[in-house]
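Participant: Just so it is clear, I am handing over structure19.pdb, which has PDB, C-alpha atoms.
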MODEL        1
ATOM      1  CA  MET Z 252     -40.269 -56.567-110.044
ATOM      2  CA  ASP Z 253     -39.877 -56.199-113.790
ATOM      3  CA  ALA Z 254     -40.089 -52.396-113.679
ATOM      4  CA  TRP Z 255     -37.459 -52.353-110.905
ATOM      5  CA  SER Z 256     -35.096 -54.483-113.020
ATOM      6  CA  GLU Z 257     -35.063 -51.759-115.681
ATOM      7  CA  ARG Z 258     -33.205 -49.595-113.128
ATOM      8  CA  GLY Z 259     -35.009 -46.309-113.586
ATOM      9  CA  ASP Z 260     -36.305 -46.715-117.119
ATOM     10  CA  PHE Z 261     -40.053 -46.282-117.577
ATOM     11  CA  GLY Z 262     -40.440 -44.137-114.454
ATOM     12  CA  ALA Z 263     -39.498 -46.680-111.791
ATOM     13  CA  GLY Z 264     -37.000 -45.570-109.169
ATOM     14  CA  SER Z 265     -34.765 -47.267-106.645
ATOM     15  CA  VAL Z 266     -35.801 -49.582-103.830
ATOM     16  CA  SER Z 267     -34.431 -50.230-100.339
ATOM     17  CA  ALA Z 268     -31.598 -52.722 -99.870
ATOM     18  CA  GLU Z 269     -34.085 -55.143 -98.248
ATOM     19  CA  THR Z 270     -36.468 -54.970-101.224
ATOM     20  CA  GLU Z 271     -33.624 -55.212-103.745
ATOM     21  CA  ALA Z 272     -32.373 -58.414-102.076
ATOM     22  CA  GLU Z 273     -35.888 -59.861-102.117
ATOM     23  CA  PHE Z 274     -36.420 -58.938-105.796
ATOM     24  CA  GLU Z 275     -33.095 -60.605-106.655
ATOM     25  CA  GLU Z 276     -34.208 -63.763-104.825
ATOM     26  CA  LEU Z 277     -37.499 -63.702-106.741
ATOM     27  CA  TYR Z 278     -35.636 -63.361-110.040
ATOM     28  CA  GLU Z 279     -33.544 -66.416-109.159
ATOM     29  CA  LEU Z 280     -36.682 -68.398-108.340
ATOM     30  CA  TYR Z 281     -38.319 -67.359-111.637
ATOM     31  CA  PHE Z 282     -35.333 -67.639-113.992
ATOM     32  CA  GLY Z 283     -33.139 -70.027-112.015
ATOM     33  CA  PRO Z 284     -29.923 -69.134-110.215
ATOM     34  CA  LYS Z 285     -26.527 -69.111-111.872
ATOM     35  CA  ALA Z 286     -23.734 -71.347-110.603
ATOM     36  CA  ARG Z 287     -20.446 -69.448-110.970
ATOM     37  CA  VAL Z 288     -17.727 -71.654-112.440
ATOM     38  CA  ASP Z 289     -14.247 -71.440-113.936
ATOM     39  CA  LYS Z 290     -13.657 -72.141-117.636
ATOM     40  CA  ASP Z 291     -13.442 -75.883-116.905
ATOM     41  CA  GLY Z 292     -16.753 -76.021-115.023
ATOM     42  CA  TYR Z 293     -15.418 -76.108-111.437
ATOM     43  CA  LEU Z 294     -17.463 -74.178-108.871
ATOM     44  CA  LEU Z 295     -16.015 -70.906-107.637
ATOM     45  CA  ALA Z 296     -15.849 -69.937-103.975
ATOM     46  CA  ASP Z 297     -18.605 -67.497-102.919
ATOM     47  CA  GLY Z 298     -17.705 -63.951-103.909
ATOM     48  CA  SER Z 299     -14.424 -65.036-105.490
ATOM     49  CA  THR Z 300     -12.975 -65.934-108.860
ATOM     50  CA  GLN Z 301     -10.989 -68.753-107.240
ATOM     51  CA  VAL Z 302     -12.077 -72.394-107.464
ATOM     52  CA  ARG Z 303     -13.630 -73.571-104.205
ATOM     53  CA  ILE Z 304     -11.880 -76.178-102.113
ATOM     54  CA  PRO Z 305     -12.580 -79.070-102.286
ATOM     55  CA  ARG Z 306     -12.741 -78.782-106.085
ATOM     56  CA  VAL Z 307     -16.016 -79.976-107.544
ATOM     57  CA  LYS Z 308     -17.589 -79.652-110.980
ATOM     58  CA  ALA Z 309     -20.939 -77.841-111.100
ATOM     59  CA  GLU Z 310     -22.522 -80.747-113.016
ATOM     60  CA  GLU Z 311     -21.658 -83.103-110.140
ATOM     61  CA  PHE Z 312     -22.569 -80.732-107.295
ATOM     62  CA  TYR Z 313     -25.872 -79.641-108.858
ATOM     63  CA  LYS Z 314     -26.753 -82.989-110.434
ATOM     64  CA  GLY Z 315     -30.425 -82.886-111.417
ATOM     65  CA  ARG Z 316     -30.615 -79.092-110.947
ATOM     66  CA  ILE Z 317     -28.886 -77.972-114.171
ATOM     67  CA  ASP Z 318     -31.470 -76.233-116.361
ATOM     68  CA  PRO Z 319     -31.876 -78.335-119.524
ATOM     69  CA  TYR Z 320     -33.202 -75.228-121.316
ATOM     70  CA  GLY Z 321     -30.656 -72.865-119.791
ATOM     71  CA  GLY Z 322     -27.082 -72.820-120.709
ATOM     72  CA  ARG Z 323     -23.669 -71.545-120.018
ATOM     73  CA  GLY Z 324     -22.635 -67.952-120.150
ATOM     74  CA  PHE Z 325     -20.046 -65.373-119.289
ATOM     75  CA  SER Z 326     -20.931 -62.217-117.348
ATOM     76  CA  ASP Z 327     -18.855 -59.683-115.405
ATOM     77  CA  GLY Z 328     -15.705 -61.694-116.114
ATOM     78  CA  VAL Z 329     -17.098 -64.957-114.709
ATOM     79  CA  HIS Z 330     -18.420 -68.099-116.386
ATOM     80  CA  TYR Z 331     -21.716 -69.543-115.160
ATOM     81  CA  ILE Z 332     -24.152 -72.414-115.637
ATOM     82  CA  ASP Z 333     -27.915 -71.885-115.359
ATOM     83  CA  LEU Z 334     -29.742 -73.877-112.694
ATOM     84  CA  THR Z 335     -33.403 -74.896-112.850
ATOM     85  CA  PRO Z 336     -36.063 -72.283-111.991
ATOM     86  CA  GLU Z 337     -38.408 -72.915-109.057
ATOM     87  CA  PRO Z 338     -41.869 -71.816-110.256
ATOM     88  CA  GLY Z 339     -43.684 -73.300-107.245
ATOM     89  CA  ALA Z 340     -41.539 -71.346-104.787
ATOM     90  CA  PHE Z 341     -41.918 -68.223-106.945
ATOM     91  CA  ALA Z 342     -45.715 -68.570-106.924
ATOM     92  CA  ARG Z 343     -45.806 -69.067-103.127
ATOM     93  CA  ARG Z 344     -43.620 -66.003-102.523
ATOM     94  CA  THR Z 345     -45.589 -63.752-104.868
ATOM     95  CA  GLU Z 346     -48.885 -64.881-103.309
ATOM     96  CA  GLU Z 347     -47.536 -63.470-100.020
ATOM     97  CA  ILE Z 348     -46.638 -60.173-101.733
ATOM     98  CA  ILE Z 349     -49.579 -59.549-104.084
ATOM     99  CA  VAL Z 350     -52.807 -59.448-102.084
ATOM    100  CA  SER Z 351     -55.084 -58.671-105.051
ATOM    101  CA  TRP Z 352     -54.858 -57.499-108.651
ATOM    102  CA  THR Z 353     -56.958 -56.536-111.646
ATOM    103  CA  ILE Z 354     -56.094 -56.129-115.319
ATOM    104  CA  GLU Z 355     -58.235 -54.163-117.752
ATOM    105  CA  GLU Z 356     -57.516 -54.042-121.464
ATOM    106  CA  ASP Z 357     -57.007 -50.508-122.767
ATOM    107  CA  GLU Z 358     -60.040 -49.934-125.002
ATOM    108  CA  ASP Z 359     -58.413 -46.822-126.519
ATOM    109  CA  ASP Z 360     -55.236 -48.665-127.565
ATOM    110  CA  PRO Z 361     -55.010 -48.578-131.359
ATOM    111  CA  ALA Z 362     -52.499 -51.428-131.403
ATOM    112  CA  ASP Z 363     -53.719 -54.538-133.132
ATOM    113  CA  ALA Z 364     -53.154 -57.887-131.410
ATOM    114  CA  ASP Z 365     -51.041 -58.911-134.422
ATOM    115  CA  GLU Z 366     -48.634 -56.043-133.808
ATOM    116  CA  PRO Z 367     -45.246 -57.043-132.352
ATOM    117  CA  GLU Z 368     -45.667 -54.488-129.547
ATOM    118  CA  GLY Z 369     -48.736 -56.302-128.236
ATOM    119  CA  THR Z 370     -51.566 -54.473-126.523
ATOM    120  CA  SER Z 371     -51.671 -52.199-123.530
ATOM    121  CA  ALA Z 372     -53.612 -52.674-120.339
ATOM    122  CA  PHE Z 373     -54.215 -50.999-117.018
ATOM    123  CA  PHE Z 374     -53.484 -52.987-113.911
ATOM    124  CA  THR Z 375     -54.000 -52.397-110.242
ATOM    125  CA  LEU Z 376     -52.053 -54.188-107.532
ATOM    126  CA  GLU Z 377     -52.598 -54.355-103.815
ATOM    127  CA  VAL Z 378     -49.498 -55.534-101.984
ATOM    128  CA  SER Z 379     -48.897 -56.771 -98.462
ATOM    129  CA  ASP Z 380     -46.240 -54.116 -97.795
ATOM    130  CA  PRO Z 381     -45.880 -50.703 -99.473
ATOM    131  CA  ARG Z 382     -42.135 -51.216 -99.970
ATOM    132  CA  TYR Z 383     -42.910 -53.539-102.893
ATOM    133  CA  LEU Z 384     -44.149 -50.502-104.808
ATOM    134  CA  GLU Z 385     -41.747 -47.895-103.392
ATOM    135  CA  HIS Z 386     -40.003 -47.550-106.758
ATOM    136  CA  PHE Z 387     -43.218 -46.144-108.254
ATOM    137  CA  LYS Z 388     -43.149 -42.574-106.991
ATOM    138  CA  LYS Z 389     -45.782 -41.582-109.542
ATOM    139  CA  ASN Z 390     -47.742 -43.140-112.380
ATOM    140  CA  ALA Z 391     -45.305 -44.997-114.594
ATOM    141  CA  PHE Z 392     -45.352 -46.472-118.048
ATOM    142  CA  PHE Z 393     -43.345 -49.574-118.752
ATOM    143  CA  GLN Z 394     -43.352 -52.518-121.090
ATOM    144  CA  THR Z 395     -42.934 -56.079-119.949
ATOM    145  CA  ALA Z 396     -42.718 -59.491-121.482
ATOM    146  CA  PHE Z 397     -44.038 -61.083-118.277
ATOM    147  CA  THR Z 398     -47.372 -62.740-118.909
ATOM    148  CA  GLY Z 399     -48.052 -64.202-115.494
ATOM    149  CA  HIS Z 400     -47.306 -67.704-116.758
ATOM    150  CA  LEU Z 401     -44.673 -69.599-114.830
ATOM    151  CA  PRO Z 402     -41.831 -71.575-116.444
TER     152      PRO Z 402
ENDMDL
END
Take the structure from the file and write it as C-alpha cells.
Facilitator:
Amino acid sequence: MDAWSERGDFGAGSVSAETEAEFEELYELYFGPKARVDKDGYLLADGSTQVRIPRVKAEEFYKGRIDPYGGRGFSDGVHYIDLTPEPGAFARRTEEIIVSWTIEEDEDDPADADEPEGTSAFFTLEVSDPRYLEHFKKNAFFQTAFTGHLP
C-alpha cells in the first residue's frame, strides 16, 4: 500500500481501479478520512465545492469523530477537517489481505541503528489475491515509515 502511494517511485507501478479504490479505503482507515468543508466549517456536498443542504457544521455532524491529533487543512482548493482513524477496522481488513509475512534484518546493511535512514530489511508477503501485489512487476526498492504499529 505504501509503495503504491508513491505512484511509481521505488519501482512500484500502477494498480487496477478496484485495487486503487481498496487502497484508498485502507488509507482512510489508517490515517482517518477527511471531511470536506467550506472556510466556515460547513460540510460540502459530495463531489462539489458547494455547501450541502441542509447546512451543517462538520463539528456537529461528526461529533466525537473529529481527530483530536489531526487538524484542518487545505488541499486541491478545498478545506478539510481530519476525522479519527479506525485502527481496528484497518487491522481486520489487512488480516484478510496479508495471509503470511516474514521480515529479516539485512545483515549486510552498513547503516547504524542511530542513523536517520534507519536499517534495511528483507520482507516476504503472501497475499490472498495477487492483485494486491500487481504494482510490483519486478523486485523493487522502497523506503517506508510504516512500522506495523497502528495509531
Participant: Applying the PyMOL selection byres ((chain Z and resi 333) around 8) to the file I just gave you, which residues come out? Please list them as an MDAnalysis selection string.
Facilitator: chainID Z and resid 283:286 317:318 321:323 331:332 334:335
Participant: Leaving out Glu356 in chain Z and any residue of its chain fewer than 2 positions from it, which residues lie within 7 Å of it when counting only C-alpha atoms, given as a PDB file with C-alpha atoms, keeping the file's coordinate frame?
Facilitator:
ATOM      1  CA  ILE Z 354     -56.094 -56.129-115.319  1.00  0.00           C
ATOM      2  CA  GLU Z 358     -60.040 -49.934-125.002  1.00  0.00           C
ATOM      3  CA  SER Z 371     -51.671 -52.199-123.530  1.00  0.00           C
ATOM      4  CA  ALA Z 372     -53.612 -52.674-120.339  1.00  0.00           C
ATOM      5  CA  PHE Z 373     -54.215 -50.999-117.018  1.00  0.00           C
TER       6      PHE Z 373
END
Participant: Taking the file above as input, evaluate the PyMOL selection byres ((chain Z and resi 342) around 12) and report the hits as a PDB file with C-alpha atoms, in the frame of the given file.
Facilitator:
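As a result, expr.pdb now contains:
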ATOM      1  CA  LEU Z 277     -37.499 -63.702-106.741  1.00  0.00           C
ATOM      2  CA  TYR Z 278     -35.636 -63.361-110.040  1.00  0.00           C
ATOM      3  CA  LEU Z 280     -36.682 -68.398-108.340  1.00  0.00           C
ATOM      4  CA  TYR Z 281     -38.319 -67.359-111.637  1.00  0.00           C
ATOM      5  CA  PRO Z 336     -36.063 -72.283-111.991  1.00  0.00           C
ATOM      6  CA  GLU Z 337     -38.408 -72.915-109.057  1.00  0.00           C
ATOM      7  CA  PRO Z 338     -41.869 -71.816-110.256  1.00  0.00           C
ATOM      8  CA  GLY Z 339     -43.684 -73.300-107.245  1.00  0.00           C
ATOM      9  CA  ALA Z 340     -41.539 -71.346-104.787  1.00  0.00           C
ATOM     10  CA  PHE Z 341     -41.918 -68.223-106.945  1.00  0.00           C
ATOM     11  CA  ARG Z 343     -45.806 -69.067-103.127  1.00  0.00           C
ATOM     12  CA  ARG Z 344     -43.620 -66.003-102.523  1.00  0.00           C
ATOM     13  CA  THR Z 345     -45.589 -63.752-104.868  1.00  0.00           C
ATOM     14  CA  GLU Z 346     -48.885 -64.881-103.309  1.00  0.00           C
ATOM     15  CA  GLU Z 347     -47.536 -63.470-100.020  1.00  0.00           C
ATOM     16  CA  ILE Z 348     -46.638 -60.173-101.733  1.00  0.00           C
ATOM     17  CA  ILE Z 349     -49.579 -59.549-104.084  1.00  0.00           C
ATOM     18  CA  GLY Z 399     -48.052 -64.202-115.494  1.00  0.00           C
ATOM     19  CA  HIS Z 400     -47.306 -67.704-116.758  1.00  0.00           C
ATOM     20  CA  LEU Z 401     -44.673 -69.599-114.830  1.00  0.00           C
ATOM     21  CA  PRO Z 402     -41.831 -71.575-116.444  1.00  0.00           C
TER      22      PRO Z 402
END
Participant: As JSON, what would the box around range 342-351 of chain Z look like: edges along x, y and z, 4 Å added on every side, centre and edge lengths in Å to one decimal?
Facilitator:
{"center_x": -49.4, "center_y": -63.9, "center_z": -103.5, "size_x": 19.5, "size_y": 18.4, "size_z": 14.9}
Participant: Which residues, protein or nucleic acid, reach to within 10 Å of (-20.4, -77.1, -107.6) in the file's coordinates when using all atoms listed in the file, and can you give that as a list in words?
Facilitator: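 All residues meeting the 10 Å criterion around (-20.4, -77.1, -107.6) are Ala286, Arg287, Val288, Gly292, Tyr293, Leu294, Leu295, Ala296, Val302, Arg303, Pro305, Arg306, Val307, Lys308, Ala309, Glu310, Glu311, Phe312, Tyr313 and Lys314 of chain Z.
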Participant: Please, what distance in Å, to one decimal, runs between CA of Ala268 in chain Z and CA of Asp327 in chain Z?
Facilitator: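 Separation of CA of Ala268 in chain Z and CA of Asp327 in chain Z: 21.3 Å.
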